[in-house]
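Source file: coords02.pdb; contents: PDB, C-alpha atoms and all ligand atoms.
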ATOM      1  CA  MET A1274       0.000   0.000   0.000
ATOM      2  CA  ASN A1275       1.422   3.423  -0.847
ATOM      3  CA  ALA A1276       1.879   6.179   1.750
ATOM      4  CA  ALA A1277      -1.194   8.148   0.658
ATOM      5  CA  LEU A1278      -3.485   5.108   0.937
ATOM      6  CA  SER A1279      -2.153   3.989   4.294
ATOM      7  CA  ALA A1280      -2.493   7.569   5.625
ATOM      8  CA  ARG A1281      -6.104   7.650   4.425
ATOM      9  CA  SER A1282      -6.982   4.407   6.188
ATOM     10  CA  ARG A1283      -6.178   5.751   9.668
ATOM     11  CA  PRO A1284      -9.396   6.608  11.486
ATOM     12  CA  ILE A1285     -10.895   9.994  12.292
ATOM     13  CA  GLY A1286     -11.333  10.496  16.046
ATOM     14  CA  VAL A1287     -14.520  12.136  17.277
ATOM     15  CA  PHE A1288     -15.374  12.967  20.865
ATOM     16  CA  ASP A1289     -18.217  14.512  22.813
ATOM     17  CA  SER A1290     -19.361  14.655  26.409
ATOM     18  CA  GLY A1291     -21.773  11.833  25.601
ATOM     19  CA  VAL A1292     -24.213  10.954  22.864
ATOM     20  CA  GLY A1293     -24.912  14.449  21.480
ATOM     21  CA  GLY A1294     -21.880  14.311  19.209
ATOM     22  CA  LEU A1295     -23.528  11.430  17.384
ATOM     23  CA  THR A1296     -25.451  14.103  15.434
ATOM     24  CA  VAL A1297     -22.027  15.259  14.188
ATOM     25  CA  LEU A1298     -20.855  11.685  13.542
ATOM     26  CA  LYS A1299     -24.016  11.008  11.531
ATOM     27  CA  ALA A1300     -23.275  14.040   9.346
ATOM     28  CA  LEU A1301     -19.595  13.017   9.014
ATOM     29  CA  ARG A1302     -20.551   9.531   7.837
ATOM     30  CA  LEU A1303     -22.996  10.941   5.313
ATOM     31  CA  ALA A1304     -20.285  13.214   3.938
ATOM     32  CA  MET A1305     -17.520  10.559   3.976
ATOM     33  CA  PRO A1306     -19.099   7.078   4.191
ATOM     34  CA  TRP A1307     -15.835   5.311   3.316
ATOM     35  CA  GLU A1308     -13.946   6.686   6.334
ATOM     36  CA  ASP A1309     -13.288   4.767   9.561
ATOM     37  CA  PHE A1310     -14.204   6.595  12.767
ATOM     38  CA  ILE A1311     -13.569   6.154  16.482
ATOM     39  CA  TYR A1312     -16.272   7.825  18.548
ATOM     40  CA  LEU A1313     -15.694   8.523  22.240
ATOM     41  CA  GLY A1314     -18.547   9.660  24.488
ATOM     42  CA  ASP A1315     -17.368  10.837  27.919
ATOM     43  CA  THR A1316     -20.626   9.689  29.486
ATOM     44  CA  ALA A1317     -19.093   9.400  32.971
ATOM     45  CA  ARG A1318     -18.683  13.178  33.117
ATOM     46  CA  LEU A1319     -21.659  14.379  31.055
ATOM     47  CA  PRO A1320     -22.814  17.144  31.001
ATOM     48  CA  TYR A1321     -19.912  19.414  30.102
ATOM     49  CA  GLY A1322     -22.264  22.360  29.544
ATOM     50  CA  THR A1323     -22.634  23.188  33.237
ATOM     51  CA  LYS A1324     -18.977  22.586  34.229
ATOM     52  CA  SER A1325     -16.201  25.182  34.556
ATOM     53  CA  ALA A1326     -14.006  25.868  31.546
ATOM     54  CA  GLN A1327     -10.951  24.490  33.430
ATOM     55  CA  SER A1328     -12.667  21.140  33.979
ATOM     56  CA  VAL A1329     -13.856  20.912  30.377
ATOM     57  CA  VAL A1330     -10.319  21.628  29.090
ATOM     58  CA  ARG A1331      -8.963  18.854  31.327
ATOM     59  CA  TYR A1332     -11.636  16.385  30.172
ATOM     60  CA  SER A1333     -11.075  17.318  26.517
ATOM     61  CA  LEU A1334      -7.313  16.727  26.773
ATOM     62  CA  GLN A1335      -7.987  13.315  28.308
ATOM     63  CA  CYS A1336     -10.494  12.396  25.564
ATOM     64  CA  ALA A1337      -8.010  13.508  22.919
ATOM     65  CA  ALA A1338      -5.187  11.481  24.506
ATOM     66  CA  ALA A1339      -7.346   8.327  24.394
ATOM     67  CA  LEU A1340      -8.045   8.872  20.694
ATOM     68  CA  VAL A1341      -4.500   9.889  19.744
ATOM     69  CA  GLY A1342      -3.359   6.681  21.460
ATOM     70  CA  ARG A1343      -5.541   4.847  18.932
ATOM     71  CA  ASP A1344      -3.672   6.400  16.007
ATOM     72  CA  ILE A1345      -6.233   8.831  14.620
ATOM     73  CA  ARG A1346      -5.257  11.169  11.776
ATOM     74  CA  CYS A1347      -7.719  13.968  12.564
ATOM     75  CA  LEU A1348      -9.624  14.979  15.699
ATOM     76  CA  VAL A1349     -13.190  16.278  15.533
ATOM     77  CA  VAL A1350     -14.382  17.968  18.716
ATOM     78  CA  ALA A1351     -18.073  17.118  18.299
ATOM     79  CA  CYS A1352     -19.161  19.100  21.355
ATOM     80  CA  ASN A1353     -19.869  22.803  21.362
ATOM     81  CA  THR A1354     -18.873  23.271  25.002
ATOM     82  CA  ALA A1355     -15.536  21.488  24.458
ATOM     83  CA  SER A1356     -14.966  23.401  21.209
ATOM     84  CA  ALA A1357     -15.732  26.686  22.975
ATOM     85  CA  THR A1358     -13.205  26.067  25.743
ATOM     86  CA  SER A1359     -10.551  23.618  24.604
ATOM     87  CA  LEU A1360      -9.513  24.012  20.951
ATOM     88  CA  GLU A1361      -6.471  26.116  21.770
ATOM     89  CA  ALA A1362      -5.233  23.656  24.427
ATOM     90  CA  LEU A1363      -5.830  20.683  22.103
ATOM     91  CA  ARG A1364      -3.967  22.314  19.210
ATOM     92  CA  ALA A1365      -1.081  23.242  21.514
ATOM     93  CA  GLN A1366      -0.871  19.663  22.802
ATOM     94  CA  TYR A1367      -1.044  18.080  19.299
ATOM     95  CA  PRO A1368       0.442  20.614  16.869
ATOM     96  CA  ALA A1369       0.746  18.095  14.012
ATOM     97  CA  LEU A1370      -2.837  16.818  14.288
ATOM     98  CA  PRO A1371      -5.715  18.562  12.507
ATOM     99  CA  VAL A1372      -8.201  19.508  15.258
ATOM    100  CA  ILE A1373     -11.606  20.674  14.032
ATOM    101  CA  GLY A1374     -14.331  21.994  16.325
ATOM    102  CA  VAL A1375     -17.976  22.766  15.677
ATOM    103  CA  ILE A1376     -18.020  26.491  16.397
ATOM    104  CA  GLU A1377     -16.123  28.050  13.479
ATOM    105  CA  PRO A1378     -18.077  26.109  10.814
ATOM    106  CA  GLY A1379     -21.409  26.972  12.505
ATOM    107  CA  ALA A1380     -20.481  30.636  12.790
ATOM    108  CA  ALA A1381     -19.385  30.827   9.139
ATOM    109  CA  ALA A1382     -22.616  29.147   7.984
ATOM    110  CA  ALA A1383     -24.708  31.569  10.057
ATOM    111  CA  VAL A1384     -22.983  34.615   8.577
ATOM    112  CA  ALA A1385     -23.503  33.159   5.092
ATOM    113  CA  ALA A1386     -27.204  32.450   5.780
ATOM    114  CA  SER A1387     -28.219  35.706   7.462
ATOM    115  CA  ALA A1388     -29.515  38.630   5.395
ATOM    116  CA  SER A1389     -29.753  41.043   8.345
ATOM    117  CA  GLN A1390     -26.568  39.862  10.099
ATOM    118  CA  HIS A1391     -28.507  39.735  13.344
ATOM    119  CA  ILE A1392     -27.893  36.144  14.459
ATOM    120  CA  ALA A1393     -29.283  34.234  17.442
ATOM    121  CA  VAL A1394     -27.244  31.500  19.110
ATOM    122  CA  ILE A1395     -28.672  28.941  21.522
ATOM    123  CA  ALA A1396     -26.340  26.590  23.386
ATOM    124  CA  THR A1397     -25.363  25.316  26.840
ATOM    125  CA  GLU A1398     -24.476  27.679  29.648
ATOM    126  CA  GLY A1399     -20.738  26.935  29.254
ATOM    127  CA  THR A1400     -20.748  27.743  25.538
ATOM    128  CA  ILE A1401     -22.775  30.943  25.957
ATOM    129  CA  ASN A1402     -20.773  32.192  28.965
ATOM    130  CA  GLY A1403     -17.452  31.798  27.155
ATOM    131  CA  GLY A1404     -18.685  33.946  24.223
ATOM    132  CA  ALA A1405     -17.068  31.618  21.672
ATOM    133  CA  TYR A1406     -19.861  31.952  19.079
ATOM    134  CA  GLU A1407     -19.884  35.748  19.426
ATOM    135  CA  SER A1408     -16.133  35.843  18.772
ATOM    136  CA  ALA A1409     -16.329  33.411  15.856
ATOM    137  CA  ILE A1410     -19.274  35.211  14.221
ATOM    138  CA  GLN A1411     -17.573  38.559  14.683
ATOM    139  CA  ARG A1412     -14.371  37.216  13.165
ATOM    140  CA  ALA A1413     -16.432  36.212  10.112
ATOM    141  CA  ASN A1414     -18.275  39.560  10.042
ATOM    142  CA  PRO A1415     -17.232  42.278  12.506
ATOM    143  CA  GLY A1416     -20.533  44.083  11.838
ATOM    144  CA  ALA A1417     -22.760  41.153  12.867
ATOM    145  CA  ARG A1418     -25.081  41.451  15.887
ATOM    146  CA  ILE A1419     -25.529  38.423  18.113
ATOM    147  CA  THR A1420     -28.290  37.558  20.569
ATOM    148  CA  SER A1421     -27.472  34.485  22.634
ATOM    149  CA  ARG A1422     -29.317  32.382  25.149
ATOM    150  CA  ALA A1423     -28.476  29.289  27.173
ATOM    151  CA  CYS A1424     -31.188  26.631  26.742
ATOM    152  CA  SER A1425     -30.043  24.099  29.319
ATOM    153  CA  LEU A1426     -33.319  22.176  29.540
ATOM    154  CA  PHE A1427     -33.090  21.187  25.881
ATOM    155  CA  VAL A1428     -30.171  18.857  26.720
ATOM    156  CA  ALA A1429     -32.188  16.801  29.227
ATOM    157  CA  MET A1430     -35.246  16.797  26.956
ATOM    158  CA  ALA A1431     -33.239  15.471  24.024
ATOM    159  CA  GLU A1432     -31.777  12.674  26.179
ATOM    160  CA  GLU A1433     -35.239  11.837  27.500
ATOM    161  CA  GLY A1434     -36.574  11.564  23.952
ATOM    162  CA  TRP A1435     -38.994  14.493  24.439
ATOM    163  CA  THR A1436     -38.107  15.972  21.110
ATOM    164  CA  SER A1437     -41.497  16.946  19.696
ATOM    165  CA  GLY A1438     -45.068  17.516  20.847
ATOM    166  CA  PRO A1439     -46.621  19.932  23.341
ATOM    167  CA  ILE A1440     -43.982  19.756  26.119
ATOM    168  CA  ALA A1441     -41.065  20.253  23.749
ATOM    169  CA  GLN A1442     -42.884  23.110  22.011
ATOM    170  CA  ALA A1443     -43.826  24.795  25.306
ATOM    171  CA  VAL A1444     -40.190  24.794  26.432
ATOM    172  CA  ALA A1445     -39.013  25.959  23.006
ATOM    173  CA  ARG A1446     -41.585  28.777  23.105
ATOM    174  CA  ARG A1447     -40.404  29.857  26.563
ATOM    175  CA  TYR A1448     -36.780  30.061  25.418
ATOM    176  CA  LEU A1449     -37.255  31.424  21.917
ATOM    177  CA  GLU A1450     -40.241  33.772  21.906
ATOM    178  CA  PRO A1451     -38.407  36.514  23.832
ATOM    179  CA  ILE A1452     -35.720  36.439  21.126
ATOM    180  CA  PHE A1453     -37.861  36.238  18.019
ATOM    181  CA  LEU A1454     -41.179  37.919  18.792
ATOM    182  CA  ARG A1455     -39.965  41.515  18.802
ATOM    183  CA  GLU A1456     -38.952  44.307  16.475
ATOM    184  CA  GLY A1457     -35.538  43.845  14.856
ATOM    185  CA  ALA A1458     -35.359  40.164  15.809
ATOM    186  CA  PRO A1459     -32.581  37.963  14.373
ATOM    187  CA  ASP A1460     -33.290  36.257  11.040
ATOM    188  CA  THR A1461     -31.015  33.248  11.688
ATOM    189  CA  LEU A1462     -30.740  30.785  14.572
ATOM    190  CA  VAL A1463     -27.618  28.730  15.265
ATOM    191  CA  LEU A1464     -28.213  25.423  17.058
ATOM    192  CA  GLY A1465     -25.008  25.724  19.088
ATOM    193  CA  CYS A1466     -25.289  22.450  20.988
ATOM    194  CA  THR A1467     -24.993  18.906  19.727
ATOM    195  CA  HIS A1468     -28.308  17.942  21.334
ATOM    196  CA  PHE A1469     -30.405  20.586  19.632
ATOM    197  CA  PRO A1470     -30.661  19.146  16.092
ATOM    198  CA  VAL A1471     -32.870  16.335  17.447
ATOM    199  CA  LEU A1472     -35.281  19.024  18.721
ATOM    200  CA  VAL A1473     -35.447  20.850  15.421
ATOM    201  CA  GLU A1474     -39.116  19.981  14.844
ATOM    202  CA  ALA A1475     -40.225  21.588  18.129
ATOM    203  CA  ILE A1476     -37.874  24.531  17.634
ATOM    204  CA  THR A1477     -39.019  25.351  14.114
ATOM    205  CA  ALA A1478     -42.680  24.900  15.128
ATOM    206  CA  VAL A1479     -42.456  27.941  17.413
ATOM    207  CA  LEU A1480     -40.279  30.132  15.168
ATOM    208  CA  PRO A1481     -41.520  32.532  12.510
ATOM    209  CA  ARG A1482     -41.298  30.653   9.199
ATOM    210  CA  SER A1483     -38.741  33.047   7.749
ATOM    211  CA  ILE A1484     -36.021  32.171  10.296
ATOM    212  CA  ARG A1485     -33.063  30.234   8.921
ATOM    213  CA  VAL A1486     -31.817  27.480  11.203
ATOM    214  CA  VAL A1487     -28.112  26.556  11.109
ATOM    215  CA  ASP A1488     -27.151  23.113  12.367
ATOM    216  CA  SER A1489     -23.464  23.043  13.263
ATOM    217  CA  ALA A1490     -23.331  19.236  12.781
ATOM    218  CA  LEU A1491     -23.796  19.550   9.013
ATOM    219  CA  THR A1492     -21.469  22.501   8.645
ATOM    220  CA  THR A1493     -18.748  20.761  10.679
ATOM    221  CA  ALA A1494     -18.956  17.627   8.532
ATOM    222  CA  ALA A1495     -18.529  19.793   5.452
ATOM    223  CA  ALA A1496     -15.490  21.497   7.056
ATOM    224  CA  VAL A1497     -13.860  18.144   7.914
ATOM    225  CA  ALA A1498     -14.505  16.803   4.397
ATOM    226  CA  ALA A1499     -13.054  19.992   2.914
ATOM    227  CA  HIS A1500      -9.975  19.721   5.143
ATOM    228  CA  LEU A1501      -9.294  16.050   4.410
ATOM    229  CA  HIS A1502     -10.512  15.721   0.843
ATOM    230  CA  GLY A1503     -11.004  19.207  -0.529
ATOM    231  CA  GLY A1504     -14.798  18.817  -0.344
ATOM    232  CA  ALA A1505     -17.626  16.459   0.568
ATOM    233  CA  ALA A1506     -17.146  13.793  -2.035
ATOM    234  CA  ALA A1507     -19.349  10.856  -1.009
ATOM    235  CA  ASP A1508     -20.420  10.097  -4.547
ATOM    236  CA  VAL A1509     -17.016  10.345  -6.184
ATOM    237  CA  HIS A1510     -14.907   8.395  -3.708
ATOM    238  CA  GLY A1511     -16.695   5.053  -3.813
ATOM    239  CA  GLY A1512     -15.068   2.093  -2.051
ATOM    240  CA  PRO A1513     -16.394   0.008   0.807
ATOM    241  CA  ALA A1514     -18.257   1.574   3.721
ATOM    242  CA  GLY A1515     -16.088   2.585   6.672
ATOM    243  CA  THR A1516     -16.429   1.326  10.224
ATOM    244  CA  VAL A1517     -17.101   2.972  13.578
ATOM    245  CA  SER A1518     -15.522   1.878  16.866
ATOM    246  CA  TRP A1519     -17.570   2.958  19.873
ATOM    247  CA  LEU A1520     -15.981   4.031  23.160
ATOM    248  CA  ALA A1521     -17.686   5.416  26.270
ATOM    249  CA  THR A1522     -16.571   6.139  29.815
ATOM    250  CA  ASP A1523     -19.728   4.866  31.510
ATOM    251  CA  GLY A1524     -23.015   3.057  30.876
ATOM    252  CA  ALA A1525     -22.734   1.122  27.609
ATOM    253  CA  ALA A1526     -26.458   0.251  27.689
ATOM    254  CA  ARG A1527     -27.601   3.848  28.133
ATOM    255  CA  PHE A1528     -25.087   5.057  25.533
ATOM    256  CA  ALA A1529     -26.513   2.565  23.029
ATOM    257  CA  ARG A1530     -30.170   3.272  23.883
ATOM    258  CA  VAL A1531     -30.065   7.077  23.921
ATOM    259  CA  GLY A1532     -27.402   7.203  21.225
ATOM    260  CA  SER A1533     -29.572   5.285  18.757
ATOM    261  CA  ALA A1534     -32.020   8.205  18.671
ATOM    262  CA  PHE A1535     -29.240  10.731  18.020
ATOM    263  CA  LEU A1536     -27.619   8.579  15.371
ATOM    264  CA  GLY A1537     -30.881   7.550  13.721
ATOM    265  CA  GLN A1538     -29.635   3.959  13.697
ATOM    266  CA  ALA A1539     -29.721   1.095  16.212
ATOM    267  CA  LEU A1540     -26.614   0.732  18.374
ATOM    268  CA  SER A1541     -25.879  -2.341  20.476
ATOM    269  CA  ALA A1542     -24.386  -2.100  23.976
ATOM    270  CA  ASP A1543     -22.195  -5.102  23.041
ATOM    271  CA  ASP A1544     -20.406  -2.931  20.490
ATOM    272  CA  VAL A1545     -19.574  -0.203  23.030
ATOM    273  CA  GLN A1546     -16.211  -0.555  24.772
ATOM    274  CA  LEU A1547     -15.969   1.095  28.191
ATOM    275  CA  ILE A1548     -12.675   2.890  28.888
ATOM    276  CA  ASP A1549     -11.150   4.919  31.731
ATOM    277  CA  LEU A1550      -9.581   8.258  30.913
TER     278      LEU A1550
HETATM  279  N1  LIG B1601     -22.317  18.147  23.876
HETATM  280  C1  LIG B1601     -22.663  19.345  24.627
HETATM  281  C2  LIG B1601     -22.555  20.567  23.717
HETATM  282  O1  LIG B1601     -22.629  20.494  22.506
HETATM  283  C3  LIG B1601     -24.053  19.245  25.203
HETATM  284  C4  LIG B1601     -24.174  18.287  26.352
HETATM  285  C5  LIG B1601     -23.341  18.671  27.552
HETATM  286  O2  LIG B1601     -23.641  19.667  28.240
HETATM  287  O3  LIG B1601     -22.382  17.971  27.800
HETATM  288  O4  LIG B1601     -22.358  21.648  24.204
END

Any chance you could give the structure as C-alpha cells?
Ligand code: DGL
Amino acid sequence: MNAALSARSRPIGVFDSGVGGLTVLKALRLAMPWEDFIYLGDTARLPYGTKSAQSVVRYSLQCAAALVGRDIRCLVVACNTASATSLEALRAQYPALPVIGVIEPGAAAAVAASASQHIAVIATEGTINGGAYESAIQRANPGARITSRACSLFVAMAEEGWTSGPIAQAVARRYLEPIFLREGAPDTLVLGCTHFPVLVEAITAVLPRSIRVVDSALTTAAAVAAHLHGGAAADVHGGPAGTVSWLATDGAARFARVGSAFLGQALSADDVQLIDL
C-alpha cells in the first residue's frame, strides 16, 4: 500500500461529552461514508455544559489522549462546550494533528445564511458564557449582531426523547419567543449544541417561518470533508463503507439506547467498549 493510501486508512477520532456528538458523527458519515471513525462519548462526566471551563479543558485533553493513542489522523471535537473552551489547548498539545471543532463552521454558515446579520445562538451555559460563538461570528463579520441564550433544559429533553409535541414546544416557546417575537429580531438561529438538532421539529414549530436554522453538525462535517478531501465527495470516492468503533466512559447500555435516537440507527451495547480516561 502506498503512503497516501495507508495515511487515508487511519481513522478519524470524534469525541463529545456523551451521545450528542452522534449528530455530528451522523453528518460526518454521510459526507464521507468510506472513512473509519472512532467515537468517544465521555458519558461518565456528562454534562460538560454546566462545568467550569478548566474542567472541560482537562476532560477534553484526556479524551483527545485516548483517541490519539488509537492512532487517529484527525480529531473532531463534536461538542460545542468542548470546542468553545478547549480548541487552543488541544492544538497546543497536538500541533501536528488537525483539530476541528464545531463552532467556526457553525459561525461561518450563520454569517452566510443571514440577510440582516442579526444572528441568534442557543447553546449550553458553558458555551454561551465563554462567548465563543460571538467571537467566531464577529471574526467572520465584525458588523454582525448576536443575541445568545443558554437553553439548558433542551439537553435533558433530548436525552429523554422528548423531542417533539406539546412539552417540547412549550419549552421551546419559553426560550425562543423573547428572542424572536420583537422588532428587529434575528433572522437566523444557530443550534449551538450537539443535542439541539434532534429538537429541530419543536424549535421550528415555534419560530416565525422566515427564520433560517443553522445546524453546526452539518457545517462541521462539510469542514472536515473539505480539510481532508477538498470537499464532501461521497459520490465520487466510492469504495467500501467505513467502520465505527464505539468508546464510552460509563453506561454502555444507556449510551446505546439514547445514542440510537441521536444517530438515527440502532446501536448495540455489546459494540460499546468502556474505557477509563
Ligand atoms: N455536547 C454538549 C454541547 O454540545 C451538550 C451536552 C453537555 O452539556 O455535555 O455543548

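With distances taken over all atoms listed in the file, A:Asp1344 is the one residue among A:Glu1407, A:Asp1344, A:Glu1377, A:Asp1549 lying closest to Phe1310 in chain A.
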
Report task. Write out as an NGL selection string each polymer residue (protein, DNA or RNA) that has an atom no more than 7 Å from ligand LIG 1601 (chain B), with all atoms listed in the file counted. Result -> :A and (1289-1291 or 1293-1294 or 1319-1323 or 1352-1355 or 1396-1397 or 1400 or 1428 or 1465-1468)

Residues as selected, C-alpha atoms, written as a CSV table (one decimal), in the coordinates of the input, can you do that?
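Result went into out12.csv, see below:
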chain,number,residue,atom,x,y,z
A,1289,ASP,CA,-18.2,14.5,22.8
A,1290,SER,CA,-19.4,14.7,26.4
A,1291,GLY,CA,-21.8,11.8,25.6
A,1293,GLY,CA,-24.9,14.4,21.5
A,1294,GLY,CA,-21.9,14.3,19.2
A,1319,LEU,CA,-21.7,14.4,31.1
A,1320,PRO,CA,-22.8,17.1,31.0
A,1321,TYR,CA,-19.9,19.4,30.1
A,1322,GLY,CA,-22.3,22.4,29.5
A,1323,THR,CA,-22.6,23.2,33.2
A,1352,CYS,CA,-19.2,19.1,21.4
A,1353,ASN,CA,-19.9,22.8,21.4
A,1354,THR,CA,-18.9,23.3,25.0
A,1355,ALA,CA,-15.5,21.5,24.5
A,1396,ALA,CA,-26.3,26.6,23.4
A,1397,THR,CA,-25.4,25.3,26.8
A,1400,THR,CA,-20.7,27.7,25.5
A,1428,VAL,CA,-30.2,18.9,26.7
A,1465,GLY,CA,-25.0,25.7,19.1
A,1466,CYS,CA,-25.3,22.4,21.0
A,1467,THR,CA,-25.0,18.9,19.7
A,1468,HIS,CA,-28.3,17.9,21.3

Query raised in the report: If you apply the PyMOL selection byres (((chain A and resi 1487-1497) around 10) and not hetatm) to this file, what residues do you get, as a ChimeraX atom specification?
Result: /A:1285,1294-1305,1347-1353,1371-1384,1386-1387,1394,1461-1470,1473,1484-1486,1498-1506

Query raised in the report: Which residues fall under the PyMOL selection byres (((chain A and resi 1414) around 12) and not hetatm) in this file, as number ranges by chain?
Result: A: 1380-1385, 1387, 1389-1392, 1406-1413, 1415-1419

Requested in this report: Mind giving me the straight-line distance from CA of Val1287 in chain A to CA of Ala1393 in chain A in Å, one decimal?
Outcome: 26.6 Å

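Among A:Thr1316, A:Thr1420, A:Ser1356, A:Ser1483, the residue with the shortest atom-to-atom distance to Ala1388 in chain A, counting all atoms listed in the file, is A:Ser1483.
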
Report task. Skip Leu1480 in chain A itself and residues of its chain fewer than 2 positions away, then list as a ChimeraX atom specification all residues within 10 Å of it, counting only C-alpha atoms. Result -> /A:1445-1446,1449-1450,1452-1454,1462,1475-1478,1482-1486

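Between CA of Arg1331 in chain A and CA of Tyr1367 in chain A the interatomic distance comes to 14.4 Å.
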
Report task. Tell me which protein, DNA and RNA residues are within 9 Å of Ala1534 in chain A, counting only C-alpha atoms, leaving out same-chain ones fewer than 6 positions away, and put them as a list in words. Result -> Glu1432, Gly1434 and Val1471 of chain A

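You will find CA of Ala1357 in chain A at 22.7 Å from CA of Leu1520 in chain A.
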
Query raised in the report: Which residues fall under the PyMOL selection byres (((chain A and resi 1524) around 9) and not hetatm) in this file, as a PyMOL selection string?
Result: chain A and resi 1316-1317+1521-1523+1525-1529+1542+1547

Could the residues in this selection be written to a file with C-alpha atoms, as a PDB file, in the frame of the given file?
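Here's the written file part-v1.pdb:
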ATOM      1  CA  THR A1316     -20.626   9.689  29.486  1.00  0.00           C
ATOM      2  CA  ALA A1317     -19.093   9.400  32.971  1.00  0.00           C
ATOM      3  CA  ALA A1521     -17.686   5.416  26.270  1.00  0.00           C
ATOM      4  CA  THR A1522     -16.571   6.139  29.815  1.00  0.00           C
ATOM      5  CA  ASP A1523     -19.728   4.866  31.510  1.00  0.00           C
ATOM      6  CA  ALA A1525     -22.734   1.122  27.609  1.00  0.00           C
ATOM      7  CA  ALA A1526     -26.458   0.251  27.689  1.00  0.00           C
ATOM      8  CA  ARG A1527     -27.601   3.848  28.133  1.00  0.00           C
ATOM      9  CA  PHE A1528     -25.087   5.057  25.533  1.00  0.00           C
ATOM     10  CA  ALA A1529     -26.513   2.565  23.029  1.00  0.00           C
ATOM     11  CA  ALA A1542     -24.386  -2.100  23.976  1.00  0.00           C
ATOM     12  CA  LEU A1547     -15.969   1.095  28.191  1.00  0.00           C
TER      13      LEU A1547
END

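For the residues A:Ala1539, A:Ser1282, A:Thr1358, A:Ile1440, ranking by smallest atom-to-atom distance to Gly1404 in chain A using all atoms listed in the file places A:Thr1358 first.
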
Show me, as JSON, the centre and edge lengths in Å to one decimal of the axis-aligned box that covers every listed atom of range 1472-1480 of chain A with 6 Å on each side.
{"center_x": -39.0, "center_y": 24.6, "center_z": 16.4, "size_x": 19.4, "size_y": 23.1, "size_z": 16.6}

Requested in this report: With a distance cut-off of 8 Å and only C-alpha atoms, select the neighbouring residues of Ser1333 in chain A, excluding the residue or stretch itself and same-chain residues fewer than 4 positions from it, and output the selection as a PyMOL selection string.
Outcome: chain A and resi 1329+1337+1355+1359+1363

Report task. Compile the contact shell of Gly1342 in chain A as a list in words: residues with an atom at most 12 Å away, counting all atoms listed in the file, same-chain residues fewer than 6 positions apart removed. Result -> Pro1284, Gly1286, Ile1311, Gln1335, Cys1336, Leu1348, Tyr1367 and Leu1550 of chain A

Output C-alpha atoms for every residue in that selection, as a PDB file, keeping the file's coordinate frame.
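out-v9.pdb written:
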ATOM      1  CA  PRO A1284      -9.396   6.608  11.486  1.00  0.00           C
ATOM      2  CA  GLY A1286     -11.333  10.496  16.046  1.00  0.00           C
ATOM      3  CA  ILE A1311     -13.569   6.154  16.482  1.00  0.00           C
ATOM      4  CA  GLN A1335      -7.987  13.315  28.308  1.00  0.00           C
ATOM      5  CA  CYS A1336     -10.494  12.396  25.564  1.00  0.00           C
ATOM      6  CA  LEU A1348      -9.624  14.979  15.699  1.00  0.00           C
ATOM      7  CA  TYR A1367      -1.044  18.080  19.299  1.00  0.00           C
ATOM      8  CA  LEU A1550      -9.581   8.258  30.913  1.00  0.00           C
TER       9      LEU A1550
END

Using the incomplete input, complete range 1380-1390 of chain A to the level of N, CA, C and O atoms; output as a CSV table (one decimal), keeping the file's coordinate frame.
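What ended up in out36.csv:
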chain,number,residue,atom,x,y,z
A,1380,ALA,N,-20.5,29.2,12.9
A,1380,ALA,CA,-20.5,30.6,12.8
A,1380,ALA,C,-20.4,31.1,11.3
A,1380,ALA,O,-21.1,32.0,10.9
A,1381,ALA,N,-19.5,30.4,10.6
A,1381,ALA,CA,-19.4,30.8,9.1
A,1381,ALA,C,-20.7,30.6,8.4
A,1381,ALA,O,-21.1,31.4,7.6
A,1382,ALA,N,-21.3,29.5,8.7
A,1382,ALA,CA,-22.6,29.1,8.0
A,1382,ALA,C,-23.7,30.2,8.4
A,1382,ALA,O,-24.5,30.6,7.5
A,1383,ALA,N,-23.7,30.6,9.6
A,1383,ALA,CA,-24.7,31.6,10.1
A,1383,ALA,C,-24.5,32.9,9.3
A,1383,ALA,O,-25.5,33.5,8.9
A,1384,VAL,N,-23.3,33.3,9.3
A,1384,VAL,CA,-23.0,34.6,8.6
A,1384,VAL,C,-23.4,34.5,7.1
A,1384,VAL,O,-24.0,35.4,6.5
A,1385,ALA,N,-23.1,33.3,6.5
A,1385,ALA,CA,-23.5,33.2,5.1
A,1385,ALA,C,-25.0,33.1,4.9
A,1385,ALA,O,-25.6,33.6,3.9
A,1386,ALA,N,-25.7,32.6,5.9
A,1386,ALA,CA,-27.2,32.4,5.8
A,1386,ALA,C,-28.0,33.7,6.1
A,1386,ALA,O,-29.1,33.9,5.6
A,1387,SER,N,-27.4,34.6,6.9
A,1387,SER,CA,-28.2,35.7,7.5
A,1387,SER,C,-28.2,36.9,6.5
A,1387,SER,O,-27.2,37.4,6.1
A,1388,ALA,N,-29.4,37.4,6.2
A,1388,ALA,CA,-29.5,38.6,5.4
A,1388,ALA,C,-29.3,39.9,6.3
A,1388,ALA,O,-28.6,40.8,5.9
A,1389,SER,N,-29.8,39.8,7.5
A,1389,SER,CA,-29.8,41.0,8.3
A,1389,SER,C,-28.5,41.1,9.2
A,1389,SER,O,-28.2,42.2,9.7
A,1390,GLN,N,-27.8,40.0,9.2
A,1390,GLN,CA,-26.6,39.9,10.1
A,1390,GLN,C,-26.9,40.1,11.6
A,1390,GLN,O,-26.0,40.5,12.4
